[in-house]
>>> print(open('structure-v3.csv').read())   # CSV, C-alpha atoms and all ligand atoms
chain,number,residue,atom,x,y,z
K,963,MET,CA,-10.4,1.5,10.4
K,964,ALA,CA,-9.0,-0.7,13.2
K,965,PRO,CA,-6.0,-2.9,12.7
K,966,SER,CA,-7.0,-6.2,11.1
K,967,THR,CA,-5.4,-9.6,10.8
K,968,PHE,CA,-3.9,-10.3,7.4
K,969,SER,CA,-5.0,-13.5,5.7
K,970,TRP,CA,-2.1,-15.3,4.2
K,971,SER,CA,-3.2,-18.5,2.6
K,972,ASN,CA,-6.4,-20.2,1.5
K,973,ARG,CA,-4.9,-23.7,1.8
K,974,SER,CA,-6.5,-26.1,4.2
K,975,TYR,CA,-5.4,-29.5,5.3
K,976,SER,CA,-7.7,-32.3,6.0
K,977,THR,CA,-7.1,-34.2,9.2
K,978,SER,CA,-7.0,-33.6,12.9
K,979,HIS,CA,-3.3,-33.8,13.2
K,980,GLN,CA,-2.8,-30.0,12.9
K,981,GLY,CA,-0.2,-28.3,15.0
K,982,SER,CA,2.0,-29.8,17.7
K,983,THR,CA,-0.5,-32.5,19.1
K,984,PRO,CA,1.6,-35.7,19.6
K,985,SER,CA,0.7,-38.1,16.8
K,986,LYS,CA,-0.6,-41.5,17.8
K,987,VAL,CA,-1.0,-44.9,16.2
K,988,ASP,CA,-2.7,-48.1,17.3
K,989,LEU,CA,0.1,-50.4,18.4
K,990,GLY,CA,-2.2,-53.3,18.8
K,991,ASN,CA,-3.3,-53.3,15.1
K,992,LYS,CA,-1.1,-55.3,12.7
K,993,ASP,CA,-2.3,-53.0,9.8
K,994,THR,CA,-0.7,-49.9,11.4
K,995,THR,CA,2.3,-50.3,9.1
K,996,LYS,CA,2.5,-51.9,5.7
K,997,VAL,CA,5.0,-52.1,2.9
K,998,ASP,CA,3.3,-51.6,-0.5
K,999,GLY,CA,5.5,-51.7,-3.6
K,1000,ASN,CA,8.1,-48.9,-3.2
K,1001,LYS,CA,6.1,-47.2,-0.3
K,1002,VAL,CA,5.7,-47.6,3.5
K,1003,HIS,CA,2.2,-47.0,4.8
K,1004,LEU,CA,1.5,-45.7,8.3
K,1005,ARG,CA,-2.0,-45.6,9.7
K,1006,TRP,CA,-2.7,-42.9,12.3
K,1007,ILE,CA,-5.1,-43.4,15.1
K,1008,ASP,CA,-7.9,-41.4,13.3
K,1009,GLY,CA,-7.7,-43.8,10.3
K,1010,THR,CA,-5.7,-41.5,8.0
K,1011,THR,CA,-2.9,-43.3,6.2
K,1012,SER,CA,0.4,-41.6,5.3
K,1013,ARG,CA,2.3,-43.1,2.4
K,1014,PHE,CA,6.1,-42.5,2.2
K,1015,HIS,CA,8.4,-43.6,-0.6
K,1016,SER,CA,11.0,-46.0,0.8
K,1017,PHE,CA,13.8,-44.1,-0.9
K,1018,TRP,CA,12.5,-40.9,0.6
K,1019,LEU,CA,12.5,-42.5,4.1
K,1020,ARG,CA,16.0,-43.9,3.7
K,1021,ASP,CA,17.3,-40.5,2.4
K,1022,HIS,CA,15.8,-38.7,5.4
K,1023,CYS,CA,17.2,-41.1,8.1
K,1024,HIS,CA,18.2,-39.0,11.1
K,1025,CYS,CA,20.4,-41.5,12.8
K,1026,PRO,CA,23.8,-40.2,13.9
K,1027,GLU,CA,25.5,-42.0,11.0
K,1028,CYS,CA,23.2,-40.3,8.4
K,1029,TYR,CA,22.6,-36.9,10.0
K,1030,HIS,CA,24.9,-34.8,12.1
K,1031,THR,CA,23.1,-34.2,15.4
K,1032,VAL,CA,24.9,-30.9,16.0
K,1033,THR,CA,25.2,-29.3,12.6
K,1034,LYS,CA,21.9,-30.8,11.4
K,1035,GLN,CA,23.5,-31.6,8.0
K,1036,ARG,CA,23.0,-34.7,5.9
K,1037,LEU,CA,25.8,-37.2,6.2
K,1038,VAL,CA,24.3,-40.0,4.2
K,1039,ASN,CA,25.5,-40.1,0.7
K,1040,THR,CA,22.2,-40.1,-1.2
K,1041,PHE,CA,23.9,-41.1,-4.4
K,1042,LYS,CA,25.3,-44.3,-3.0
K,1043,LEU,CA,21.8,-45.6,-1.9
K,1044,PRO,CA,20.1,-48.1,-4.3
K,1045,ARG,CA,17.1,-46.4,-5.8
K,1046,THR,CA,15.2,-49.7,-5.3
K,1047,ILE,CA,15.9,-49.8,-1.5
K,1048,SER,CA,13.2,-51.5,0.4
K,1049,PRO,CA,12.5,-52.3,4.1
K,1050,LYS,CA,13.3,-55.8,5.4
K,1051,SER,CA,11.1,-55.0,8.4
K,1052,VAL,CA,8.9,-52.1,9.7
K,1053,THR,CA,8.0,-52.1,13.4
K,1054,ALA,CA,5.7,-49.6,15.1
K,1055,THR,CA,7.1,-48.7,18.6
K,1056,GLU,CA,5.9,-46.4,21.3
K,1057,THR,CA,7.7,-43.4,19.8
K,1058,GLY,CA,7.9,-44.1,16.1
K,1059,ILE,CA,8.7,-46.7,13.4
K,1060,ASP,CA,11.8,-48.7,13.2
K,1061,ILE,CA,13.0,-49.8,9.8
K,1062,ILE,CA,15.7,-52.3,8.9
K,1063,TRP,CA,16.7,-51.8,5.3
K,1064,ASP,CA,17.6,-54.4,2.7
K,1065,HIS,CA,20.8,-52.4,2.0
K,1066,GLU,CA,23.6,-52.9,4.5
K,1067,ASP,CA,21.0,-53.8,7.2
K,1068,HIS,CA,20.9,-50.1,8.1
K,1069,LYS,CA,18.5,-49.3,11.0
K,1070,SER,CA,16.4,-46.2,11.0
K,1071,HIS,CA,14.0,-44.7,13.5
K,1072,TYR,CA,11.4,-42.1,12.5
K,1073,PRO,CA,9.5,-40.4,15.4
K,1074,TYR,CA,5.7,-40.2,14.8
K,1075,SER,CA,5.8,-36.5,15.5
K,1076,TRP,CA,8.3,-36.0,12.7
K,1077,LEU,CA,6.4,-38.3,10.3
K,1078,ASN,CA,3.2,-36.6,11.0
K,1079,LYS,CA,4.7,-33.1,10.5
K,1080,HIS,CA,6.3,-34.1,7.2
K,1081,SER,CA,3.7,-36.4,5.8
K,1082,TYR,CA,3.3,-35.4,2.1
K,1083,ASP,CA,0.8,-38.1,0.9
K,1084,PRO,CA,-1.5,-36.8,2.2
K,1085,LYS,CA,-0.2,-33.5,3.5
K,1086,ILE,CA,-1.3,-33.3,7.1
K,1087,THR,CA,0.5,-30.2,8.3
K,1088,ASP,CA,0.6,-27.3,5.8
K,1089,PRO,CA,4.3,-27.0,4.8
K,1090,TYR,CA,3.6,-23.4,3.7
K,1091,LYS,CA,2.0,-22.3,7.0
K,1092,PRO,CA,3.2,-18.9,7.9
K,1093,GLU,CA,5.5,-18.8,10.9
K,1094,GLY,CA,4.6,-17.3,14.2
K,1095,ALA,CA,1.7,-15.1,15.3
K,1096,PRO,CA,-0.5,-13.6,12.5
K,1097,LYS,CA,0.7,-10.3,11.2
K,1098,ILE,CA,-1.6,-7.3,12.1
K,1099,THR,CA,-1.8,-4.7,9.5
K,1100,TRP,CA,-2.6,-1.1,10.5
K,1101,ASP,CA,-3.5,2.5,9.5
K,1102,LYS,CA,-2.9,5.7,11.4
K,1103,SER,CA,-5.3,4.6,14.2
K,1104,ILE,CA,-2.4,2.5,15.6
K,1105,ALA,CA,-1.0,5.8,17.0
K,1106,ALA,CA,-3.3,5.1,20.0
K,1107,HIS,CA,-1.4,1.9,20.9
K,1108,LEU,CA,2.1,2.0,19.4
K,1109,PRO,CA,4.1,-1.2,19.9
K,1110,GLU,CA,6.9,-0.3,22.4
K,1111,VAL,CA,9.4,-1.9,24.6
K,1112,THR,CA,12.0,-0.5,27.0
K,1113,PHE,CA,15.7,-0.4,26.4
K,1114,LYS,CA,16.3,-2.1,29.8
K,1115,ASP,CA,14.0,-5.0,29.0
K,1116,VAL,CA,15.7,-5.6,25.6
K,1117,MET,CA,19.2,-5.4,27.0
K,1118,ASP,CA,18.6,-7.3,30.2
K,1119,SER,CA,16.7,-10.4,29.1
K,1120,ASP,CA,16.0,-12.6,26.1
K,1121,LYS,CA,12.4,-12.3,27.0
K,1122,GLY,CA,12.5,-8.6,26.4
K,1123,LEU,CA,14.4,-9.1,23.2
K,1124,ALA,CA,11.9,-11.7,22.0
K,1125,THR,CA,9.0,-9.3,22.7
K,1126,TRP,CA,10.7,-6.6,20.7
K,1127,LEU,CA,11.3,-8.8,17.7
K,1128,ASN,CA,7.8,-10.2,17.9
K,1129,ASN,CA,6.5,-6.6,17.8
K,1130,ILE,CA,8.4,-6.2,14.5
K,1131,HIS,CA,7.1,-9.5,13.2
K,1132,VAL,CA,3.5,-8.7,14.0
K,1133,TYR,CA,3.3,-4.9,13.3
K,1134,GLY,CA,6.3,-4.3,11.2
K,1135,PHE,CA,7.8,-1.8,13.6
K,1136,SER,CA,8.4,-1.1,17.3
K,1137,PHE,CA,9.6,1.8,19.4
K,1138,VAL,CA,12.2,1.4,22.2
K,1139,SER,CA,12.0,3.9,25.0
K,1140,GLY,CA,14.5,4.8,27.7
K,1141,VAL,CA,17.5,4.5,25.3
K,1142,PRO,CA,20.6,6.5,26.5
K,1143,VAL,CA,21.1,9.3,24.1
K,1144,SER,CA,24.4,8.1,22.6
K,1145,THR,CA,25.7,6.4,19.6
K,1146,GLU,CA,27.3,3.7,21.8
K,1147,ALA,CA,24.0,2.7,23.4
K,1148,THR,CA,22.1,2.8,20.1
K,1149,GLU,CA,24.8,0.5,18.5
K,1150,GLU,CA,24.6,-1.9,21.4
K,1151,LEU,CA,20.8,-2.0,21.0
K,1152,ALA,CA,21.1,-2.8,17.2
K,1153,LYS,CA,23.6,-5.5,18.0
K,1154,ARG,CA,21.2,-7.3,20.4
K,1155,ILE,CA,19.5,-8.5,17.2
K,1156,SER,CA,22.5,-9.3,15.0
K,1157,PHE,CA,25.6,-7.8,13.5
K,1158,ILE,CA,25.0,-4.5,11.6
K,1159,ARG,CA,24.8,-4.6,7.8
K,1160,GLU,CA,27.5,-2.6,6.2
K,1161,THR,CA,26.6,-0.8,3.0
K,1162,HIS,CA,28.2,1.9,0.9
K,1163,TYR,CA,26.9,4.3,3.6
K,1164,GLY,CA,29.0,2.5,6.2
K,1165,GLY,CA,28.1,0.3,9.1
K,1166,PHE,CA,26.5,2.1,12.1
K,1167,TRP,CA,25.6,5.5,10.8
K,1168,ASP,CA,25.8,8.8,12.6
K,1169,PHE,CA,24.7,11.5,10.2
K,1170,THR,CA,23.6,15.1,9.7
K,1171,SER,CA,22.1,16.9,6.8
K,1172,ASP,CA,25.5,17.8,5.3
K,1173,LEU,CA,25.2,15.7,2.1
K,1174,GLY,CA,27.8,13.4,3.5
K,1175,HIS,CA,26.7,10.9,0.9
K,1176,GLY,CA,25.1,11.5,-2.5
K,1177,ASP,CA,21.6,10.6,-1.3
K,1178,THR,CA,18.6,12.8,-0.3
K,1179,ALA,CA,18.6,11.1,3.1
K,1180,TYR,CA,21.6,13.3,3.9
K,1181,THR,CA,19.7,16.6,3.2
K,1182,ASP,CA,16.9,18.5,5.0
K,1183,LEU,CA,14.3,17.8,2.2
K,1184,ALA,CA,10.9,16.1,2.8
K,1185,LEU,CA,10.9,12.5,1.8
K,1186,GLY,CA,7.9,10.6,0.6
K,1187,ALA,CA,7.1,7.1,1.9
K,1188,HIS,CA,9.7,4.6,0.5
K,1189,THR,CA,11.6,1.5,1.3
K,1190,ASP,CA,15.4,1.7,1.5
K,1191,THR,CA,17.9,0.0,-0.8
K,1192,THR,CA,15.5,-1.0,-3.6
K,1193,TYR,CA,18.6,-1.1,-5.7
K,1194,PHE,CA,20.1,-4.1,-3.7
K,1195,THR,CA,19.6,-7.6,-4.8
K,1196,ASP,CA,18.8,-8.3,-1.1
K,1197,PRO,CA,17.3,-5.1,0.3
K,1198,VAL,CA,18.1,-4.4,4.0
K,1199,GLY,CA,15.8,-6.1,6.5
K,1200,LEU,CA,15.5,-3.8,9.4
K,1201,GLN,CA,16.2,-0.1,9.8
K,1202,MET,CA,16.8,1.7,13.1
K,1203,PHE,CA,16.7,5.4,13.7
K,1204,HIS,CA,17.6,7.4,16.8
K,1205,LEU,CA,17.5,11.2,16.9
K,1206,LEU,CA,20.4,12.4,19.0
K,1207,HIS,CA,19.9,16.1,18.6
K,1208,HIS,CA,17.7,18.6,16.8
K,1209,ASP,CA,17.6,22.4,17.4
K,1210,GLY,CA,15.1,23.3,14.7
K,1211,GLU,CA,11.6,22.6,13.5
K,1212,GLY,CA,10.0,19.7,11.5
K,1213,GLY,CA,11.6,16.4,10.6
K,1214,HIS,CA,8.7,14.3,11.8
K,1215,ASN,CA,8.8,10.7,10.9
K,1216,LEU,CA,6.3,9.0,8.6
K,1217,LEU,CA,5.6,5.3,8.6
K,1218,VAL,CA,3.2,3.5,6.3
K,1219,ASP,CA,2.3,-0.2,6.5
K,1220,GLY,CA,3.0,-1.4,3.0
K,1221,PHE,CA,1.1,-4.7,3.6
K,1222,HIS,CA,-2.0,-2.8,4.6
K,1223,CYS,CA,-1.7,-0.6,1.5
K,1224,ALA,CA,-1.2,-3.6,-0.7
K,1225,LYS,CA,-4.4,-5.2,0.8
K,1226,ILE,CA,-6.3,-2.0,0.0
K,1227,LEU,CA,-4.8,-1.8,-3.5
K,1228,LYS,CA,-5.8,-5.5,-4.1
K,1229,GLU,CA,-9.4,-4.8,-3.0
K,1230,LYS,CA,-9.9,-1.4,-4.8
K,1231,TYR,CA,-7.7,-1.8,-7.8
K,1232,PRO,CA,-7.1,-5.5,-8.5
K,1233,LYS,CA,-5.7,-4.9,-11.9
K,1234,SER,CA,-3.1,-2.5,-10.6
K,1235,TYR,CA,-2.2,-4.9,-7.8
K,1236,LYS,CA,-1.5,-7.5,-10.5
K,1237,THR,CA,0.5,-5.1,-12.6
K,1238,LEU,CA,2.7,-4.1,-9.7
K,1239,SER,CA,3.2,-7.7,-8.8
K,1240,GLU,CA,4.3,-8.7,-12.3
K,1241,ILE,CA,6.1,-5.8,-13.9
K,1242,GLY,CA,9.7,-5.4,-12.6
K,1243,VAL,CA,11.1,-1.9,-11.9
K,1244,PRO,CA,14.8,-1.1,-12.3
K,1245,ALA,CA,16.6,0.8,-9.5
K,1246,HIS,CA,20.0,2.2,-8.9
K,1247,SER,CA,22.3,4.0,-6.4
K,1248,ALA,CA,24.9,6.1,-8.0
K,1249,GLY,CA,25.2,9.3,-5.9
K,1250,ASP,CA,28.8,8.7,-4.9
K,1251,ALA,CA,31.6,8.8,-7.5
K,1252,SER,CA,32.8,5.4,-6.5
K,1253,THR,CA,29.3,3.7,-6.5
K,1254,HIS,CA,27.1,2.3,-9.2
K,1255,ILE,CA,24.8,-0.2,-7.7
K,1256,VAL,CA,22.1,-2.0,-9.6
K,1257,PRO,CA,20.4,-5.2,-8.4
K,1258,SER,CA,20.4,-8.7,-10.0
K,1259,PRO,CA,17.9,-9.4,-11.4
K,1260,ARG,CA,17.9,-5.9,-12.7
K,1261,HIS,CA,14.1,-5.5,-12.5
K,1262,ASN,CA,12.1,-6.3,-9.4
K,1263,PRO,CA,8.3,-5.8,-8.9
K,1264,ILE,CA,7.1,-3.4,-6.2
K,1265,LEU,CA,5.0,-6.2,-4.7
K,1266,ASN,CA,6.9,-9.4,-4.3
K,1267,HIS,CA,5.3,-12.7,-3.5
K,1268,ASP,CA,6.4,-16.1,-2.3
K,1269,PRO,CA,6.0,-18.3,-5.4
K,1270,ALA,CA,4.8,-21.3,-3.4
K,1271,THR,CA,2.3,-19.6,-1.0
K,1272,LYS,CA,1.5,-16.6,-3.2
K,1273,ALA,CA,1.7,-14.5,0.0
K,1274,LEU,CA,3.1,-11.0,-0.2
K,1275,VAL,CA,6.6,-11.1,1.3
K,1276,GLN,CA,8.3,-7.9,0.3
K,1277,VAL,CA,7.4,-4.3,-0.7
K,1278,ARG,CA,10.2,-2.6,-2.7
K,1279,PHE,CA,9.3,0.9,-3.5
K,1280,ASN,CA,11.3,4.1,-3.8
K,1281,ASN,CA,10.1,6.3,-6.7
K,1282,ASP,CA,13.3,8.5,-6.4
K,1283,ASP,CA,15.6,5.5,-7.0
K,1284,ARG,CA,13.8,4.2,-10.1
K,1285,SER,CA,15.9,3.9,-13.2
K,1286,THR,CA,14.8,4.4,-16.8
K,1287,LEU,CA,11.8,2.2,-17.8
K,1288,ASP,CA,13.1,1.2,-21.2
K,1289,HIS,CA,12.2,-2.5,-20.7
K,1290,LEU,CA,8.4,-2.0,-20.7
K,1291,ASP,CA,6.5,-3.2,-23.8
K,1292,ALA,CA,4.7,-0.2,-25.4
K,1293,GLU,CA,1.3,-1.7,-24.4
K,1294,HIS,CA,2.4,-1.9,-20.8
K,1295,VAL,CA,3.5,1.7,-20.3
K,1296,ASP,CA,0.1,3.2,-19.6
K,1297,ALA,CA,-1.0,0.2,-17.4
K,1298,PHE,CA,2.2,0.6,-15.4
K,1299,TYR,CA,1.7,4.3,-14.7
K,1300,GLU,CA,-1.9,3.8,-13.9
K,1301,ALA,CA,-1.0,1.2,-11.4
K,1302,LEU,CA,1.7,3.4,-10.0
K,1303,PHE,CA,-0.8,6.2,-9.5
K,1304,ASP,CA,-3.2,3.9,-7.8
K,1305,TRP,CA,-0.5,2.7,-5.5
K,1306,ASN,CA,0.6,6.3,-4.7
K,1307,ARG,CA,-3.0,7.2,-4.0
K,1308,VAL,CA,-3.3,4.5,-1.4
K,1309,LEU,CA,0.2,5.1,0.1
K,1310,THR,CA,-0.4,8.9,0.5
K,1311,HIS,CA,-4.0,8.6,1.7
K,1312,GLU,CA,-4.2,10.5,5.0
K,1313,HIS,CA,-5.7,7.4,6.8
K,1314,ASN,CA,-2.7,5.3,6.1
K,1315,LEU,CA,0.0,7.8,7.4
K,1316,LEU,CA,1.4,7.3,10.8
K,1317,TRP,CA,3.3,10.5,11.8
K,1318,THR,CA,5.4,10.4,14.9
K,1319,LYS,CA,7.9,12.8,16.4
K,1320,PHE,CA,11.4,11.7,16.8
K,1321,GLN,CA,12.7,12.1,20.3
K,1322,PRO,CA,16.1,11.6,21.8
K,1323,GLY,CA,15.9,8.5,23.9
K,1324,ARG,CA,13.2,6.8,21.8
K,1325,VAL,CA,14.4,4.5,19.0
K,1326,LEU,CA,12.3,3.4,16.1
K,1327,ILE,CA,13.0,0.2,14.3
K,1328,PHE,CA,11.0,-1.2,11.4
K,1329,ASP,CA,10.8,-4.0,8.8
K,1330,ASN,CA,12.1,-2.4,5.5
K,1331,TRP,CA,10.5,-5.3,3.6
K,1332,ARG,CA,7.1,-4.2,4.8
K,1333,CYS,CA,7.0,-0.6,6.1
K,1334,LEU,CA,7.7,2.5,4.1
K,1335,HIS,CA,9.1,5.5,5.8
K,1336,GLY,CA,9.5,9.2,5.1
K,1337,ARG,CA,9.9,12.5,6.9
K,1338,SER,CA,8.8,16.1,6.7
K,1339,ALA,CA,11.3,18.8,5.9
K,1340,PHE,CA,13.2,20.3,8.8
K,1341,THR,CA,15.2,23.3,9.8
K,1342,GLY,CA,18.2,23.6,12.1
K,1343,LYS,CA,20.9,21.1,12.9
K,1344,ARG,CA,19.8,17.5,13.2
K,1345,ARG,CA,21.9,14.6,14.2
K,1346,MET,CA,20.6,11.1,13.7
K,1347,CYS,CA,22.2,7.7,14.2
K,1348,GLY,CA,21.1,4.2,13.3
K,1349,ALA,CA,21.8,0.9,11.5
K,1350,TYR,CA,20.6,-1.7,9.1
K,1351,THR,CA,20.2,-5.4,9.8
K,1352,ASN,CA,20.0,-8.2,7.3
K,1353,TRP,CA,16.5,-9.8,6.9
K,1354,ASP,CA,17.8,-13.4,7.3
K,1355,ASP,CA,19.7,-12.6,10.5
K,1356,TYR,CA,16.7,-10.7,12.0
K,1357,ARG,CA,14.4,-13.7,11.2
K,1358,SER,CA,16.9,-16.2,12.6
K,1359,ARG,CA,17.1,-14.3,15.9
K,1360,TRP,CA,13.3,-13.9,16.1
K,1361,ARG,CA,12.9,-17.6,15.3
K,1362,THR,CA,15.4,-19.0,17.9
K,1363,LEU,CA,14.0,-16.7,20.6
K,1364,ASN,CA,10.3,-17.5,20.0
K,1365,THR,CA,10.5,-21.3,19.4
K,1366,THR,CA,12.2,-24.1,21.3
K,1367,ALA,CA,15.3,-25.8,19.9
K,1368,GLU,CA,13.4,-29.1,19.7
K,1369,GLN,CA,10.5,-27.6,17.7
K,1370,LEU,CA,13.0,-25.9,15.3
K,1371,ALA,CA,14.9,-29.1,14.8
K,1372,GLU,CA,11.7,-31.0,13.9
K,1373,GLU,CA,11.0,-28.3,11.2
K,1374,LEU,CA,14.0,-29.3,9.2
K,1401,FE,FE,15.1,6.0,3.7
K,1402,ZN,ZN,20.8,-43.8,9.3
>>> encode(input="structure-v3.csv", output="structure tokens")
Amino acid sequence: MAPSTFSWSNRSYSTSHQGSTPSKVDLGNKDTTKVDGNKVHLRWIDGTTSRFHSFWLRDHCHCPECYHTVTKQRLVNTFKLPRTISPKSVTATETGIDIIWDHEDHKSHYPYSWLNKHSYDPKITDPYKPEGAPKITWDKSIAAHLPEVTFKDVMDSDKGLATWLNNIHVYGFSFVSGVPVSTEATEELAKRISFIRETHYGGFWDFTSDLGHGDTAYTDLALGAHTDTTYFTDPVGLQMFHLLHHDGEGGHNLLVDGFHCAKILKEKYPKSYKTLSEIGVPAHSAGDASTHIVPSPRHNPILNHDPATKALVQVRFNNDDRSTLDHLDAEHVDAFYEALFDWNRVLTHEHNLLWTKFQPGRVLIFDNWRCLHGRSAFTGKRRMCGAYTNWDDYRSRWRTLNTTAEQLAEEL
């Protein structure tokens, strides 16, 4: 099966003002703006009328007195504004509407593009629209065109870095070729995105199969597809691996697109999809004497959705780190195991397994909220280094590199 575009939302919004088209009004028409009770009406050129509560407008004034232009934080004291505030005058100008308020004669200016973007009655732009390019889900056929960038491009230019991060956004992973075979270069590469996330395993890791920590990652055993740190309240966002040395056999890398598998589960076993989206699973990390980590909330579903958009946002699955299921109601026990078996069937289906060979000089990075990883058993001495990155910091870097500052400011 070829990679396919993941559909995120069924919402649709009515008018033609989608996207970043500059919004227009008819300046010659006296009905373009109107105050009606506690609302200001604004008629767009296509006849659509947006209605804004006066208090909402005053609360969102972005003049330098009300909004810090650099920190982009609210300065106006919302709680000192009269709840009955009303415009003394509303004037449509070339760029937006000017309002003089009946409280302290405060003057506000609202650009049309901002009003159009944030119009809520009616909603013109979908406030829940997913960011950036559509995600492309994949099965093992992606092996023929693996997303890849060069170390030089990433280190030398923001454009190279933006391409790398966009690969991770779209596919959930990317390779980086031409990386010097050293911990220093690998660490520098990780830090191009953001600071490294420290955990109980340390910051930047450099490890062998010597059981340096009480976790199967530090052994030579085969590992089934899993996501890391299911036991954290906020699981790590990105994970990077670089094989520095291996003098034995095996140890191939497995990647599985959790979003692709979730889509298949939903199509083939909808009841199981629902079960794994609703029933929380407890997890723990307690392999080191000084560590006993459990997340808060204690139980998190394997498939996690945005409550507003209903879109799948995070896969959290490591069957080895699962704690005792004593919280299940008796009538849910069989349903849970049934769903877990269906999920495992999809995850381990040969079609969905992307096996690649680790090579010194070729770094793999993947989205730990989407892709599951594993490995085959190996022999010999193997030295691997890598790092974790926080999800929010990766997304922030991706966002600022792929969108202009003006566009981002207007989002707020
Ligand atoms: Fe892992
Ligand atoms: Zn103001």
>>> residues_near_point(input="structure-v3.csv", point="(7.3, 2.1, -2.3)", cutoff="8 Å", atoms="all atoms listed in the file", output="MDAnalysis selection string")
chainID K and resid 1187:1189 1220 1264 1277:1281 1334
>>> residues_around(input="structure-v3.csv", residues="K:Phe1041", least_positions_apart="6", cutoff="12 Å", atoms="all atoms listed in the file", output="list of chain:residue names")
K:Phe1017, K:Arg1020, K:Asp1021
>>> residues_near_ligand(input="structure-v3.csv", ligand="ligand ZN 1402 (chain K)", cutoff="6 Å", atoms="all atoms listed in the file", output="PyMOL selection string")
chain K and resi 1023-1025+1027-1028+1070
>>> residues_near_ligand(input="structure-v3.csv", ligand="ligand FE 1401 (chain K)", cutoff="10 Å", atoms="all atoms listed in the file", output="ChimeraX atom specification")
/K:1177-1180,1185-1191,1201,1280,1330,1334-1337
>>> closest_residue(input="structure-v3.csv", among="K:Val1002, K:Val1032, K:Leu1077, K:Ala1301", to="K:Val1052", atoms="all atoms listed in the file")
K:Val1002
>>> residues_around(input="structure-v3.csv", residues="K:Asp1355", least_positions_apart="2", cutoff="9 Å", atoms="all atoms listed in the file", output="list of chain:residue names")
K:Ile1155, K:Ser1156, K:Phe1157, K:Gly1199, K:Thr1351, K:Asn1352, K:Trp1353, K:Arg1357, K:Ser1358, K:Arg1359, K:Trp1360
>>> atom_distance(input="structure-v3.csv", atom1="atom CA of K:Gly1213", atom2="atom CA of K:Trp1100")
22.5 Å
>>> residues_around(input="structure-v3.csv", residues="K:Ser1081", least_positions_apart="5", cutoff="10 Å", atoms="all atoms listed in the file", output="PDB file with C-alpha atoms, keeping the file's coordinate frame")
ATOM      1  CA  LEU K1004       1.500 -45.700   8.300  1.00  0.00           C
ATOM      2  CA  THR K1011      -2.900 -43.300   6.200  1.00  0.00           C
ATOM      3  CA  SER K1012       0.400 -41.600   5.300  1.00  0.00           C
ATOM      4  CA  ARG K1013       2.300 -43.100   2.400  1.00  0.00           C
ATOM      5  CA  PHE K1014       6.100 -42.500   2.200  1.00  0.00           C
ATOM      6  CA  TYR K1074       5.700 -40.200  14.800  1.00  0.00           C
ATOM      7  CA  SER K1075       5.800 -36.500  15.500  1.00  0.00           C
ATOM      8  CA  TRP K1076       8.300 -36.000  12.700  1.00  0.00           C
ATOM      9  CA  ILE K1086      -1.300 -33.300   7.100  1.00  0.00           C
ATOM     10  CA  THR K1087       0.500 -30.200   8.300  1.00  0.00           C
ATOM     11  CA  ASP K1088       0.600 -27.300   5.800  1.00  0.00           C
ATOM     12  CA  PRO K1089       4.300 -27.000   4.800  1.00  0.00           C
TER      13      PRO K1089
END
>>> closest_atom_pairs(input="structure-v3.csv", of="stretch 1095-1162 of chain K", to="stretch 1306-1316 of chain K", cutoff="10 Å", atoms="only C-alpha atoms", output="JSON lines")
{"residue": "K:Trp1100", "atom": "CA", "partner": "K:Asn1314", "partner_atom": "CA", "distance": 7.8}
{"residue": "K:Asp1101", "atom": "CA", "partner": "K:Asn1314", "partner_atom": "CA", "distance": 4.5}
{"residue": "K:Lys1102", "atom": "CA", "partner": "K:Leu1316", "partner_atom": "CA", "distance": 4.6}
{"residue": "K:Ser1103", "atom": "CA", "partner": "K:His1313", "partner_atom": "CA", "distance": 7.9}
{"residue": "K:Ile1104", "atom": "CA", "partner": "K:Leu1316", "partner_atom": "CA", "distance": 7.8}
{"residue": "K:Ala1105", "atom": "CA", "partner": "K:Leu1316", "partner_atom": "CA", "distance": 6.8}
>>> write_last_selection(input="structure-v3.csv", atoms="C-alpha atoms", output="PDB file, keeping the file's coordinate frame")
ATOM      1  CA  TRP K1100      -2.600  -1.100  10.500  1.00  0.00           C
ATOM      2  CA  ASP K1101      -3.500   2.500   9.500  1.00  0.00           C
ATOM      3  CA  LYS K1102      -2.900   5.700  11.400  1.00  0.00           C
ATOM      4  CA  SER K1103      -5.300   4.600  14.200  1.00  0.00           C
ATOM      5  CA  ILE K1104      -2.400   2.500  15.600  1.00  0.00           C
ATOM      6  CA  ALA K1105      -1.000   5.800  17.000  1.00  0.00           C
TER       7      ALA K1105
END
>>> residues_around(input="structure-v3.csv", residues="K:Thr1161", least_positions_apart="3", cutoff="12 Å", atoms="only C-alpha atoms", output="ChimeraX atom specification")
/K:1158,1164-1167,1175,1190-1191,1193-1194,1196-1198,1247,1253,1255,1349-1352
>>> closest_residue(input="structure-v3.csv", among="K:Arg1045, K:Lys1153, K:Leu1238, K:Arg1284", to="K:Ala1224", atoms="all atoms listed in the file")
K:Leu1238
>>> atom_distance(input="structure-v3.csv", atom1="atom CA of K:Val1116", atom2="atom CA of K:Val1138")
8.5 Å
>>> residues_around(input="structure-v3.csv", residues="K:Ser1136", least_positions_apart="6", cutoff="6 Å", atoms="all atoms listed in the file", output="MDAnalysis selection string")
chainID K and resid 1109:1110 1129:1130 1327
>>> atom_distance(input="structure-v3.csv", atom1="atom CA of K:Val1141", atom2="atom CA of K:Lys1319")
15.5 Å
>>> closest_residue(input="structure-v3.csv", among="K:Leu1127, K:Ala1297, K:Val1038, K:Ala1147", to="K:Arg1324", atoms="only C-alpha atoms")
K:Ala1147
>>> closest_residue(input="structure-v3.csv", among="K:Ala1371, K:Tyr1133, K:Gly1009, K:Thr1366", to="K:His1030", atoms="all atoms listed in the file")
K:Ala1371
